[in-house]
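Worksheet for the structure shown next.
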Amino acid sequence: MNEMNTALPRQSPTANQLGTDVTGHLPDRAGVPGTAGFRPEDDAVWRLAVDHLHVRSNDGHTAYSYGLAAALCDLHPGADRDVVLPAIILHDTGWSKVPEDEVLEAIRPGGGRRDLVLRHEKEGAAIAADILARLGHDPARTAEIVEIIDGHDTRLTALSLNDSLVKDADKLWRLTPHGVDTVMDWFGLTREQAHTLIGSRVHDHLFTDTARTMARALAAVATIDSTPQRIALG
């Protein structure tokens with residue numbers, strides 16, 4: 001499952017249609033919202049977590065969810081980044097302890113295996129505790145992160161703002177182009193069918209107004225991707 005949707009978005013242009021180098025006129029990246037990427041301390045967590053994420057496209061899912069979580073933290077000054085960001089990196093590590101051929105049974109439409117979902121939460125909490133201890137993470141924050149991970153899917157209420165943002169970032173990924181692509185391949189769905197399934201599992205299950213606004217924007221893009229007008233453009 002780790003081979004799905006691994007194509008990297010282009011990092012360099014295929015042409016310069018203007019014909020003139022404008023790179024010297026770009027603004028300072030530090031002043032543009034959403035351009036920071038991974039914090040060094042979170043990269044350390046990522047490096048220890050990533051080997052647990054090569055199941056069900058959780059590596060790509062986690063990377064995109066990190067960006068969404070960082071954006072949510074930007075818009076919620078009361079959030080603790082030292083809880084939210086490590087928690088989102090570590091939240092799905094427990095799927096590595098579930099037999100790979102059973103992973104999608106846990107979340108399939110018309111069925112599901114709650115026992116497997118619970119297992120991945122418990123295993124992920126244990127992996128998170130181990131990784132954060134190895135990194136010397138603050139014990140109080142580690143305890144909060146472990147509590148968030150142990151219940152991030154099955155607990156229908158949020159323990160705190162930090163928990164809300166982790167839950168919201170996790171769900172918002174499904175509406176990204178990468179998320180829609182991934183769900184299509186999980187269940188053999190068309191893009192339109194996948195978006196319909198995703199929407200039913202996201203919009204009414206978010207905790208913050210900020211995430212609900214993000215979800216509507218992402219859904220608008222996903223909807224247009226399946227319209228005849230957009231498809232005709234090739």
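Labels for the structure tokens follow display order: chains A, B, ..., residues from 1 in each chain, ligands from 1.
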
Excluding Pro177 in chain A and residues on its chain fewer than 5 positions from it, collect all residues at most 10 Å away from it, counting only C-alpha atoms, and give them as an MDAnalysis selection string.
chainID A and resid 182 191 195 218:219 221:222 225

File dump, residues just selected, C-alpha atoms, as a compact mmCIF listing (two decimals), in the first residue's frame:
# COMPACT_ATOMS: atom_id res chain seq x y z
CA THR A 182 -5.68 7.92 -2.17
CA ARG A 191 -13.05 10.79 -8.23
CA HIS A 195 -15.29 12.95 -2.91
CA LEU A 218 -10.88 22.14 -0.34
CA ALA A 219 -14.23 20.61 -1.27
CA VAL A 221 -11.58 22.45 -5.58
CA ALA A 222 -12.37 18.72 -5.41
CA ASP A 225 -11.97 18.56 -10.58

Using the chain letters and numbers from this document, which residues of range 24-179 of chain A does DSSP assign to alpha helix (DSSP H), as a VMD selection string?
chain A and resid 40 to 49 58 to 74 81 to 90 114 to 134 139 to 149 161 to 172 177 to 179

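Each of A:Val55, A:Ile107, A:Val50, A:Ala194 was checked against Gly179 in chain A using only C-alpha atoms; the smallest atom-to-atom distance is that of A:Ala194.
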
Record the distance separating CA of Pro33 in chain A and CA of Arg81 in chain A, expressed in Å with one decimal.
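Here the two named atoms are 15.9 Å from each other.
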
For CA of Cys73 in chain A and CA of Gly34 in chain A, the interatomic separation in Å (one decimal)
10.7 Å

Point-to-point distance in Å for CA of Ala87 in chain A and CA of Asp209 in chain A:
20.7 Å

I'd like the contact shell of Arg113 in chain A - 9 Å cut-off, only C-alpha atoms, skipping same-chain residues fewer than 5 positions apart - returned as a ChimeraX atom specification.
/A:102-108,118

Long-range neighbours of Ala71 in chain A as a list in words, 12 Å cut-off, only C-alpha atoms, 6 positions minimum in chain:
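Residues near the query, excluding close chain neighbours: Pro33, Gly34, Thr35, Ala36, Gly37, Phe38, Tyr64, Ser65, Pro77, Ala79, Arg81, Val84, Leu85, Leu165, Val166, Asp168, Ala169, Leu172, Thr210, Ala211 and Met214 of chain A.
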
Output file for the residues above (all heavy atoms, as a compact mmCIF listing (two decimals), in the first residue's frame):
# COMPACT_ATOMS: atom_id res chain seq x y z
N PRO A 33 2.69 33.65 4.75
CA PRO A 33 2.07 32.61 5.58
C PRO A 33 2.15 31.23 4.93
O PRO A 33 2.02 31.09 3.71
CB PRO A 33 0.61 33.07 5.70
CG PRO A 33 0.66 34.54 5.46
CD PRO A 33 1.75 34.74 4.45
N GLY A 34 2.35 30.22 5.77
CA GLY A 34 2.29 28.85 5.30
C GLY A 34 3.49 28.35 4.54
O GLY A 34 3.39 27.34 3.84
N THR A 35 4.63 29.00 4.65
CA THR A 35 5.80 28.59 3.87
C THR A 35 6.93 28.03 4.74
O THR A 35 8.02 27.77 4.25
CB THR A 35 6.37 29.77 3.06
OG1 THR A 35 6.72 30.84 3.95
CG2 THR A 35 5.36 30.28 2.04
N ALA A 36 6.67 27.81 6.01
CA ALA A 36 7.73 27.44 6.94
C ALA A 36 8.19 26.00 6.78
O ALA A 36 9.36 25.68 6.99
CB ALA A 36 7.29 27.68 8.38
N GLY A 37 7.30 25.07 6.41
CA GLY A 37 7.67 23.67 6.34
C GLY A 37 7.82 23.05 7.72
O GLY A 37 7.27 23.56 8.71
N PHE A 38 8.56 21.97 7.81
CA PHE A 38 8.75 21.27 9.08
C PHE A 38 9.72 22.03 9.98
O PHE A 38 10.78 22.46 9.54
CB PHE A 38 9.33 19.87 8.84
CG PHE A 38 8.31 18.81 8.54
CD1 PHE A 38 7.65 18.80 7.31
CD2 PHE A 38 8.00 17.83 9.47
CE1 PHE A 38 6.72 17.82 7.02
CE2 PHE A 38 7.06 16.85 9.18
CZ PHE A 38 6.42 16.84 7.96
N TYR A 64 1.04 15.80 4.68
CA TYR A 64 0.04 16.83 4.38
C TYR A 64 -0.73 17.25 5.62
O TYR A 64 -1.04 18.44 5.81
CB TYR A 64 -0.93 16.32 3.31
CG TYR A 64 -0.34 16.30 1.91
CD1 TYR A 64 -0.05 15.11 1.27
CD2 TYR A 64 -0.07 17.50 1.25
CE1 TYR A 64 0.49 15.09 -0.01
CE2 TYR A 64 0.47 17.49 -0.02
CZ TYR A 64 0.76 16.29 -0.65
OH TYR A 64 1.30 16.28 -1.91
N SER A 65 -1.04 16.30 6.49
CA SER A 65 -1.75 16.64 7.72
C SER A 65 -0.92 17.55 8.61
O SER A 65 -1.46 18.42 9.31
CB SER A 65 -2.13 15.37 8.49
OG SER A 65 -3.04 14.58 7.75
N PRO A 77 -4.09 30.95 18.22
CA PRO A 77 -2.93 31.30 19.07
C PRO A 77 -2.88 30.53 20.38
O PRO A 77 -1.80 30.39 20.98
CB PRO A 77 -3.13 32.80 19.32
CG PRO A 77 -3.97 33.28 18.17
CD PRO A 77 -4.88 32.15 17.84
N ALA A 79 -3.26 27.39 20.78
CA ALA A 79 -2.79 26.02 20.58
C ALA A 79 -1.32 25.90 20.96
O ALA A 79 -0.55 26.85 20.83
CB ALA A 79 -2.99 25.61 19.13
N ARG A 81 1.91 24.26 19.81
CA ARG A 81 2.53 23.59 18.67
C ARG A 81 3.38 22.40 19.10
O ARG A 81 3.54 21.44 18.34
CB ARG A 81 3.42 24.57 17.89
CG ARG A 81 2.66 25.64 17.15
CD ARG A 81 3.60 26.66 16.53
NE ARG A 81 2.84 27.75 15.93
CZ ARG A 81 2.43 27.76 14.67
NH1 ARG A 81 2.73 26.76 13.87
NH2 ARG A 81 1.72 28.77 14.20
N VAL A 84 0.56 19.74 19.30
CA VAL A 84 -0.20 19.47 18.09
C VAL A 84 0.68 18.87 16.99
O VAL A 84 0.32 17.86 16.36
CB VAL A 84 -0.88 20.75 17.57
CG1 VAL A 84 -1.57 20.50 16.22
CG2 VAL A 84 -1.90 21.25 18.59
N LEU A 85 1.84 19.46 16.74
CA LEU A 85 2.64 19.03 15.59
C LEU A 85 3.31 17.67 15.80
O LEU A 85 3.25 16.82 14.89
CB LEU A 85 3.64 20.13 15.23
CG LEU A 85 2.96 21.46 14.82
CD1 LEU A 85 4.01 22.50 14.43
CD2 LEU A 85 1.96 21.27 13.69
N LEU A 165 -7.50 20.28 17.07
CA LEU A 165 -6.72 20.61 15.87
C LEU A 165 -6.08 19.37 15.26
O LEU A 165 -5.98 19.27 14.03
CB LEU A 165 -5.68 21.67 16.20
CG LEU A 165 -6.22 23.01 16.71
CD1 LEU A 165 -5.10 24.05 16.79
CD2 LEU A 165 -7.36 23.54 15.85
N VAL A 166 -5.65 18.44 16.09
CA VAL A 166 -5.11 17.19 15.56
C VAL A 166 -6.21 16.43 14.82
O VAL A 166 -6.01 15.96 13.69
CB VAL A 166 -4.52 16.32 16.69
CG1 VAL A 166 -4.14 14.94 16.16
CG2 VAL A 166 -3.29 17.00 17.30
N ASP A 168 -8.95 17.60 13.50
CA ASP A 168 -9.37 18.34 12.30
C ASP A 168 -8.35 18.21 11.17
O ASP A 168 -8.72 18.01 10.01
CB ASP A 168 -9.61 19.81 12.64
CG ASP A 168 -10.93 20.04 13.38
OD1 ASP A 168 -11.70 19.08 13.54
OD2 ASP A 168 -11.18 21.20 13.80
N ALA A 169 -7.08 18.34 11.48
CA ALA A 169 -6.04 18.22 10.45
C ALA A 169 -6.06 16.82 9.83
O ALA A 169 -5.91 16.66 8.61
CB ALA A 169 -4.67 18.53 11.04
N LEU A 172 -9.12 16.74 7.48
CA LEU A 172 -9.02 17.67 6.35
C LEU A 172 -8.18 17.10 5.22
O LEU A 172 -8.44 17.38 4.04
CB LEU A 172 -8.44 19.01 6.81
CG LEU A 172 -9.39 19.95 7.55
CD1 LEU A 172 -8.61 21.13 8.12
CD2 LEU A 172 -10.50 20.44 6.65
N THR A 210 -12.56 27.16 11.95
CA THR A 210 -11.45 27.31 11.02
C THR A 210 -11.35 26.10 10.10
O THR A 210 -11.22 26.24 8.87
CB THR A 210 -10.12 27.46 11.79
OG1 THR A 210 -10.28 28.48 12.77
CG2 THR A 210 -9.00 27.84 10.85
N ALA A 211 -11.42 24.91 10.66
CA ALA A 211 -11.35 23.69 9.85
C ALA A 211 -12.55 23.57 8.94
O ALA A 211 -12.42 23.11 7.79
CB ALA A 211 -11.23 22.47 10.76
N MET A 214 -11.82 25.71 5.98
CA MET A 214 -10.84 25.04 5.12
C MET A 214 -11.48 23.90 4.34
O MET A 214 -11.20 23.72 3.14
CB MET A 214 -9.70 24.49 5.98
CG MET A 214 -8.76 25.51 6.56
SD MET A 214 -7.43 24.65 7.45
CE MET A 214 -6.45 26.05 8.00
